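Trainee: Provided herewith is a single structure, encoded as structure tokens, for subsequent inquiry.
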Amino acid sequence: MAHIAVQEGLPGITGLLEFRLDSSKPIRELTQILLRGPSTLTEADRELIATYVSFLNECIFCTSAHSATANLLLGNTEIVESVKWNLSQAPISDKLKVLLIIAGKVQRGGKNVTDEDIALARKHGATDIELHDTVLIAALFCLYNRYVDGLASFTPTDSSFYTTLAKRLVERGYVRPEGGYTVYPPEN
């Protein structure tokens with residue numbers, strides 16, 4: 001049970017965002033820009049950053065949600081699992097590996113990112129905007145992970161919930177649907 005009175009049936013961050021629509025609007029807009037807006041990083045790349053940071057923060061809801069979304073965008077599950085458990089051997093580009101390393105350093109604390117990390121990312125082709133967005137996505141997901149876990153929001157254990165959520169995130173992104181959300185599990 002959440003630490004605050006959120007609407008029942010709205011798991012994870014959704015219930016928290018619905019609790020206070022005025023503060024959730026800019027959060028949703030920023031997420032939409034960073035994860036779905038124009039970028040030289042693919043949507044899957046950006047979902048991998050969200051997944052990796054959430055995994056490092058041990059936020060089960062966010063890890064599950066963004067893993068499912070990245071899996072859907074990538075068309076398989078092996079890449080996401082490899083990124084989470086063995087980044088150095090993951091079947092992704094060297095540029096993305098370095099960006100994920102930077103994201104992991106941001107997760108521990110922004111000052112952990114060094115000039116050498118940035119130079120290595122640039123050597124592998126990372127642009128200023130890719131560096132900027134990687135750091136901001138990592139920082140944003142630290143906020144989300146702490147928001148979800150700090151208020152003890154409901155975390156479904158049924159993997160089908162995350163599959164359905166991933167489809168919604170791929171199809172419509174992070175913008176609130178007009179009229180709000182359907183509760184989980186759907187009411188009969």
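Here, A, B, ... name the chains of the structure tokens in the order displayed, residue numbers run from 1 inside each chain, and ligands are numbered from 1 in the same displayed order.
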What lies within 12 Å of Glu171 in chain A using only C-alpha atoms, ignoring chain neighbours under 2 positions off, as a list of chain:residue names?
Mentor: A:Arg36, A:Glu43, A:Thr69, A:Leu72, A:Leu73, A:Thr164, A:Leu165, A:Ala166, A:Lys167, A:Arg168, A:Leu169, A:Gly173, A:Tyr174, A:Val175, A:Pro177
Trainee: Excluding range 49-61 of chain A and its own-chain neighbours fewer than 6 positions away, which residues fall within 8 Å of it when counting only C-alpha atoms? Please give them as a list in words.
Mentor: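 The filter keeps Gly12, Ser67, Ala70, Val83, Lys84, Leu100, Ala103, Gly104, Gln107, Thr134, Ile137, Ala138, Phe141, Cys142, Asn145, Arg146, Val148, Asp149, Thr155 and Pro156 of chain A.
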Trainee: Choose the residue, out of A:Ala68, A:Arg172, A:Gly180, A:Thr114, that has the smallest atom-to-atom separation from Gly37 in chain A; count only C-alpha atoms.
Mentor: A:Arg172
Trainee: Hey, can you check how far CA of Gly110 in chain A sits from CA of Pro91 in chain A?
Mentor: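 Going from CA of Gly110 in chain A over to CA of Pro91 in chain A, I get 26.4 Å.
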Trainee: So how many Å separate CA of Leu21 in chain A and CA of Cys62 in chain A, to one decimal?
Mentor: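 CA of Cys62 in chain A lies at a distance of 19.8 Å from CA of Leu21 in chain A.
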Trainee: With only C-alpha atoms as the atoms that count, which of A:Ile101, A:Gly15, A:His3, A:Leu136 lies nearest to Leu87 in chain A?
Mentor: A:Ile101
Trainee: Enter the distance from CA of Leu41 in chain A to CA of Glu130 in chain A, in Å, rounded to one decimal.
Mentor: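 CA of Glu130 in chain A lies 6.9 Å from CA of Leu41 in chain A.
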Trainee: Please list as a list of chain:residue names every residue within 12 Å of Thr127 in chain A, counting only C-alpha atoms and excluding residues in the same chain fewer than 3 positions away.
Mentor: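 Near Thr127 in chain A, the qualifying residues are A:Ser39, A:Thr40, A:Leu41, A:Lys95, A:Leu96, A:Leu99, A:Ile118, A:Ala119, A:Leu120, A:Ala121, A:Arg122, A:Lys123, A:His124, A:Glu130, A:Leu131, A:His132, A:Asp133, A:Thr134.
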